[in-house]
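A.B. asks: Okay, here's the structure, questions in a sec.
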Amino acid sequence: MQKLFTNLLGCPFDKVGTSAIIPHTPISMIKYWAVLKINFLSAFAKKGDFIGQVLINFIQISSFILIWKYSFNNRTFQGYTLQDTIVYYVFVLFITYATLTTTVDYLSKSIKNGSLSEWLIKPRAILFTEIARSLGEMFFRMIQLLPIYLIIAIITTIIAQTAIFSFQSVLFALIFALIGLFINILLEYCLSLLAFWMDEVWSLKHFKDIFADLFGGKRIPLAFFPPVALSVLNILPLRFIFSVPLEYLLQKKSTANLSFDLTLAFIWLITLLIIANILFKKGIRKYAAFGN
Amino acid sequence: MLHSVTNTIKRYFKIYLILIKYSILRDLTYWQNFIICVVIEILYQAAFLTFFGVIILQTGNIAGWGVNELIVLLGIDTITSELLTGLIIVNNSRELPAKIWSGELDHVLLRPIHPLFNLMLGRPYFPSIIGALTGFIIIAIGLIRLNYFPGIMSIIGAATVFSSGFLIVFSIVTIFSLLTFFFNDTSTLPRIGERLVYSFSSRPHSIFSGFLKTIFFFILPIVYVSSITSETLRTGIEFQYLISAVILAIIFLFITQLFWKVAIKRYTSAGG
């Protein structure tokens with residue numbers, strides 16, 4: 001079992017000792033906790049950039065809301081009223097920051113300039129380190145955004161005169177946001193590993209971002225897509241990054257959808273882990289340590 | 001006086017041609033990368049069109065603008081956003097914070113041309129400029145579907161409004177970028193200006209009313225570059241828009257120059 005996980009995680013140091021590869025003991029978890037904590041604290045140093053990015057996203061989302069405001073005319077589209085759509089866009093910003101990762105920027109640079117060697121000699125699995133790093137940054141973002149969003153949730157409830165969320169919908173949304181983050185990390189991890197073969201992978205990151213924004217539900221609720229497109233989008237992993245957590249949060253999905261969504265998410269996580277493992281095993285043979 | 005102004009314009013035009021030439025040579029050195037960059041620009045446009053396509057599919061129109069009117073607007077906005085990205089944003093405004101922090105701005109200040117020209121237009125990004133060409137195709141499709149061919153006066157009017165609108169959005173992006181001199185703990189200020197333009201220039205101007213109309217017609221007059229240009233092309237010149245676009249362009253260029261003079265006094269040359 002341990003060997004299977006070792007393979008899936010793609011750790012290059014088979015000889016280092018299994019605690020370095022799988023965080024199965026409390027001691028091995030400590031080093032990932034340290035990575036998480038350091039990244040959480042260092043994120044505070046870039047607070048100005050974070051506030052700027054939130055403002056940039058806020059501007060973009062305001063423009064989406066504005067265009068829908070003049071398109072609804074008291075109508076309902078695919079079960080969405082104007083109010084639902086506005087709440088969707090307001091909370092898409094929150095989900096964006098919950099599932100955001102910078103794995104491509106970080107890891108692909110290390111492969112390109114040779115600093116991956118430093119990662120390889122450390123007794124940590126690269127994937128787990130990336131997950132811990134992303135979680136640390138995510139916790140920083142959530143601490144900044146949660147008070148604002150609590151106020152927004154209260155105001156929204158007062159305006160709508162009914163509770164838009166329930167305890168269950170919030171819980172499901174948080175679970176799927178975490179799954180969305182893992183899927184996003186794995187997608188970016190796979191793209192980063194292509195740096196073993198390519199000079200630059202930033203273009204692939206752009207492709208992923210364009211597709212995820214449009215077909216993952218950031219720019220537009222997926223329910224608005226035509227049925228044929230929707231049937232394809234429903235089986236892609238991109239919707240877990242934005243759409244699925246939001247649909248649970250806004251109670252557009254119920255427990256009836258839970259088993260299908262969880263199964264599909266699990267299938268995608270395993271598939272991406274296997275792809276990552278293959279890419280790492282093949283890529284590390286090409287790695288020249290002085291820069292790729 | 002007139003002779004001196006003409007000579008200055010000629011000089012800057014010559015310098016700009018040289019800068020464009022070097023930019024093309026630099027971008028084409030890695031031609032595979034260049035092609036990927038062009039493909040990314042086209043993908044962004046496709047995503048942008050799909051977004052509006054899905055809205056139209058559900059709603060039929062946006063604030064009274066039908067599919068074909070929107071296609072013309074989106075074509076013009078494609079040209080706007082690609083030219084803005086290529087001429088001003090990618091290698092220029094986004095690089096400004098790093099230049100201020102590193103003290104690299106010294107080299108720009110030493111050159112015998114206006115530093116703002118050098119900073120904001122010095123390094124064009126060619127893939128986006130090529131990407132702007134698809135905008136003309138989209139406009140042509142919209143006009144053919146409308147079965148309307150604009151007269152020469154409409155084209156001249158639209159070109160004037162577009163040029164004025166472009167100078168306005170150039171000024172807005174520049175002013176936001178120059179704020180980096182005052183708030184040097186963030187590198188995102190240039191992106192705020194560009195996001196404002198990207199997000200609101202493609203919206204039909206009829207969706208702005210009340211307070212928003214004051215903002216987007218006068219305070220941050222983003223509507224002229226794409227939306228008013230599109231209407232001018234389709235329905236002919238409306239003098240109130242034409243005149244206000246030209247006047248606002250002059251005012252905004254003046255404010256930008258003034259803002260530069262204030263901002264540069266904050267530069268220490270020490271980096272950081």
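By convention here, the chains of the structure tokens are called A, B, ... in the order presented, each chain's residues are numbered starting at 1, and ligands are numbered starting at 1 in the order presented.
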Please provide the set of residues having any atom within 12 Å of B:Val38, restricted to only C-alpha atoms, with same-chain residues fewer than 6 positions apart removed, written as a PyMOL selection string.

C.D. replies: (chain A and resi 203) or (chain B and resi 27-28+31-32+44-45+82+86+125-134)

A.B. asks: Give the residues of chain A that lie within 8 Å of chain B; count only C-alpha atoms, and format the answer as number ranges by chain.

C.D. replies: A: 46, 48-49, 52-53, 55-56, 59-60, 63, 66-67, 70-72, 77, 203, 206-207, 210-211, 214, 219-220, 224-226

A.B. asks: Can you work out which one of B:Phe182, B:Phe34, B:Phe216, B:Tyr12 has the shortest atom-to-atom distance to B:Val262, counting only C-alpha atoms?

C.D. replies: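 Ranked by minimum distance to B:Val262, first place goes to B:Phe182.
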
A.B. asks: So which residues of stretch 91-224 of chain A fall under alpha helix (DSSP H) by DSSP, listed as number ranges by chain?

C.D. replies: A: 91-98, 103, 109-113, 116-121, 126-160, 167-193, 202-215

A.B. asks: Give me the residues within 7 Å of A:Val104 as a PDB file with N, CA and C atoms, in the first residue's frame, counting only C-alpha atoms and dropping any in the same chain fewer than 6 places off.

C.D. replies:
ATOM      1  N   GLU A 188      -2.161  22.258 -11.923  1.00  0.00           N
ATOM      2  CA  GLU A 188      -0.983  23.120 -12.082  1.00  0.00           C
ATOM      3  C   GLU A 188       0.321  22.332 -11.865  1.00  0.00           C
ATOM      4  N   TYR A 189       0.253  21.351 -10.976  1.00  0.00           N
ATOM      5  CA  TYR A 189       1.434  20.503 -10.736  1.00  0.00           C
ATOM      6  C   TYR A 189       1.808  19.757 -12.024  1.00  0.00           C
ATOM      7  N   LEU A 191       1.029  20.650 -15.103  1.00  0.00           N
ATOM      8  CA  LEU A 191       1.526  21.628 -16.073  1.00  0.00           C
ATOM      9  C   LEU A 191       2.970  22.025 -15.744  1.00  0.00           C
ATOM     10  N   SER A 192       3.254  22.179 -14.447  1.00  0.00           N
ATOM     11  CA  SER A 192       4.614  22.561 -14.035  1.00  0.00           C
ATOM     12  C   SER A 192       5.628  21.507 -14.456  1.00  0.00           C
ATOM     13  N   LYS A 205      -0.219  27.695 -18.583  1.00  0.00           N
ATOM     14  CA  LYS A 205      -0.936  28.246 -17.413  1.00  0.00           C
ATOM     15  C   LYS A 205      -2.028  29.213 -17.908  1.00  0.00           C
TER      16      LYS A 205
END

A.B. asks: Please measure the separation of atom CA of A:Gly79 and atom CA of A:Leu181, giving the value in Å to one decimal.

C.D. replies: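 If I compute the distance from atom CA of A:Gly79 to atom CA of A:Leu181, I get 27.1 Å.
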
A.B. asks: With only C-alpha atoms as the basis for distance, which of A:Ile159, A:Leu194, A:Ala288, A:Leu279 is at the shortest distance from A:Ser115?

C.D. replies: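 Closest residue, counting only C-alpha atoms: A:Ala288.
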
A.B. asks: Take atom CA of B:Arg145 and atom CA of B:Val67 and report the distance between them in Å, one decimal.

C.D. replies: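 Spanning atom CA of B:Arg145 to atom CA of B:Val67 is a straight-line distance of 9.4 Å.
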
A.B. asks: Residues of stretch 126-222 of chain A within 7 Å of stretch 253-276 of chain A: nearest atom pair and distance (Å, one decimal) for each, counting only C-alpha atoms, sorted by chain and number, as a tab-separated table?

C.D. replies:
residue	atom	partner	partner_atom	distance
A:Ile183	CA	A:Leu269	CA	6.2
A:Leu186	CA	A:Leu272	CA	6.2
A:Leu187	CA	A:Leu272	CA	7.0
A:Cys190	CA	A:Ala276	CA	5.2

A.B. asks: Keeping only N, CA and C atoms, take the residues you just selected and write them out as a CSV table (one decimal), in the first residue's frame.

C.D. replies:
chain,number,residue,atom,x,y,z
A,183,ILE,N,-7.7,19.9,-6.7
A,183,ILE,CA,-7.8,19.7,-8.2
A,183,ILE,C,-7.0,20.7,-8.9
A,186,LEU,N,-3.3,20.0,-8.4
A,186,LEU,CA,-2.8,18.9,-9.3
A,186,LEU,C,-2.8,19.3,-10.7
A,187,LEU,N,-3.7,20.0,-11.2
A,187,LEU,CA,-3.7,20.5,-12.6
A,187,LEU,C,-2.4,21.3,-12.8
A,190,CYS,N,0.8,19.2,-12.7
A,190,CYS,CA,1.0,18.5,-14.0
A,190,CYS,C,1.6,19.4,-15.0

A.B. asks: For atom CA of B:Leu143 and atom CA of B:Tyr224, quote the distance in Å rounded to one decimal.

C.D. replies: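 Taking atom CA of B:Leu143 as the start and atom CA of B:Tyr224 as the end point, the length is 19.4 Å.
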
A.B. asks: Which residues are near B:Ile100? Cut-off 12 Å, only C-alpha atoms, ignore same chain within fewer than 2 positions. Put them as an MDAnalysis selection string.

C.D. replies: chainID B and resid 93:98 102:109 119 177:187 263:264 266:272

A.B. asks: Compile the contact shell of A:Ile143 as a list in words: residues with an atom at most 12 Å away, counting only C-alpha atoms, same-chain residues fewer than 6 positions apart removed.

C.D. replies: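 Counting only the stated atoms, we get Phe40, Leu41, Ala43, Phe44, Lys47, Phe94, Tyr97, Ala98, Gly136, Glu137, Tyr149 and Leu150 of chain A.
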
A.B. asks: Please write the residues from the selection above to a file, keeping N, CA and C atoms, as a PDB file, in the first residue's frame.

C.D. replies:
ATOM      1  N   PHE A  40       2.040  30.911   5.267  1.00  0.00           N
ATOM      2  CA  PHE A  40       0.951  31.725   5.824  1.00  0.00           C
ATOM      3  C   PHE A  40       1.515  33.065   6.305  1.00  0.00           C
ATOM      4  N   LEU A  41       2.632  33.010   7.037  1.00  0.00           N
ATOM      5  CA  LEU A  41       3.218  34.235   7.592  1.00  0.00           C
ATOM      6  C   LEU A  41       3.841  35.112   6.502  1.00  0.00           C
ATOM      7  N   ALA A  43       2.929  35.354   3.533  1.00  0.00           N
ATOM      8  CA  ALA A  43       1.888  35.979   2.704  1.00  0.00           C
ATOM      9  C   ALA A  43       1.545  37.373   3.225  1.00  0.00           C
ATOM     10  N   PHE A  44       1.729  37.608   4.531  1.00  0.00           N
ATOM     11  CA  PHE A  44       1.431  38.927   5.107  1.00  0.00           C
ATOM     12  C   PHE A  44       2.352  40.007   4.529  1.00  0.00           C
ATOM     13  N   LYS A  47       0.841  41.758   1.535  1.00  0.00           N
ATOM     14  CA  LYS A  47      -0.544  42.140   1.780  1.00  0.00           C
ATOM     15  C   LYS A  47      -1.030  43.193   0.779  1.00  0.00           C
ATOM     16  N   PHE A  94     -14.893  34.986  -3.507  1.00  0.00           N
ATOM     17  CA  PHE A  94     -14.462  34.241  -2.317  1.00  0.00           C
ATOM     18  C   PHE A  94     -13.928  32.860  -2.718  1.00  0.00           C
ATOM     19  N   TYR A  97     -10.513  32.877  -4.380  1.00  0.00           N
ATOM     20  CA  TYR A  97      -9.373  32.935  -3.460  1.00  0.00           C
ATOM     21  C   TYR A  97      -9.241  31.692  -2.591  1.00  0.00           C
ATOM     22  N   ALA A  98     -10.322  30.918  -2.505  1.00  0.00           N
ATOM     23  CA  ALA A  98     -10.221  29.661  -1.747  1.00  0.00           C
ATOM     24  C   ALA A  98      -9.497  28.594  -2.571  1.00  0.00           C
ATOM     25  N   GLY A 136      -1.208  27.239   3.116  1.00  0.00           N
ATOM     26  CA  GLY A 136      -0.740  28.367   3.933  1.00  0.00           C
ATOM     27  C   GLY A 136      -1.192  29.690   3.338  1.00  0.00           C
ATOM     28  N   GLU A 137      -1.017  29.831   2.015  1.00  0.00           N
ATOM     29  CA  GLU A 137      -1.430  31.071   1.341  1.00  0.00           C
ATOM     30  C   GLU A 137      -2.948  31.228   1.376  1.00  0.00           C
ATOM     31  N   TYR A 149     -16.879  38.783   4.076  1.00  0.00           N
ATOM     32  CA  TYR A 149     -17.940  37.933   3.516  1.00  0.00           C
ATOM     33  C   TYR A 149     -19.013  37.581   4.539  1.00  0.00           C
ATOM     34  N   LEU A 150     -18.643  37.561   5.815  1.00  0.00           N
ATOM     35  CA  LEU A 150     -19.670  37.351   6.841  1.00  0.00           C
ATOM     36  C   LEU A 150     -20.647  38.523   6.835  1.00  0.00           C
TER      37      LEU A 150
END
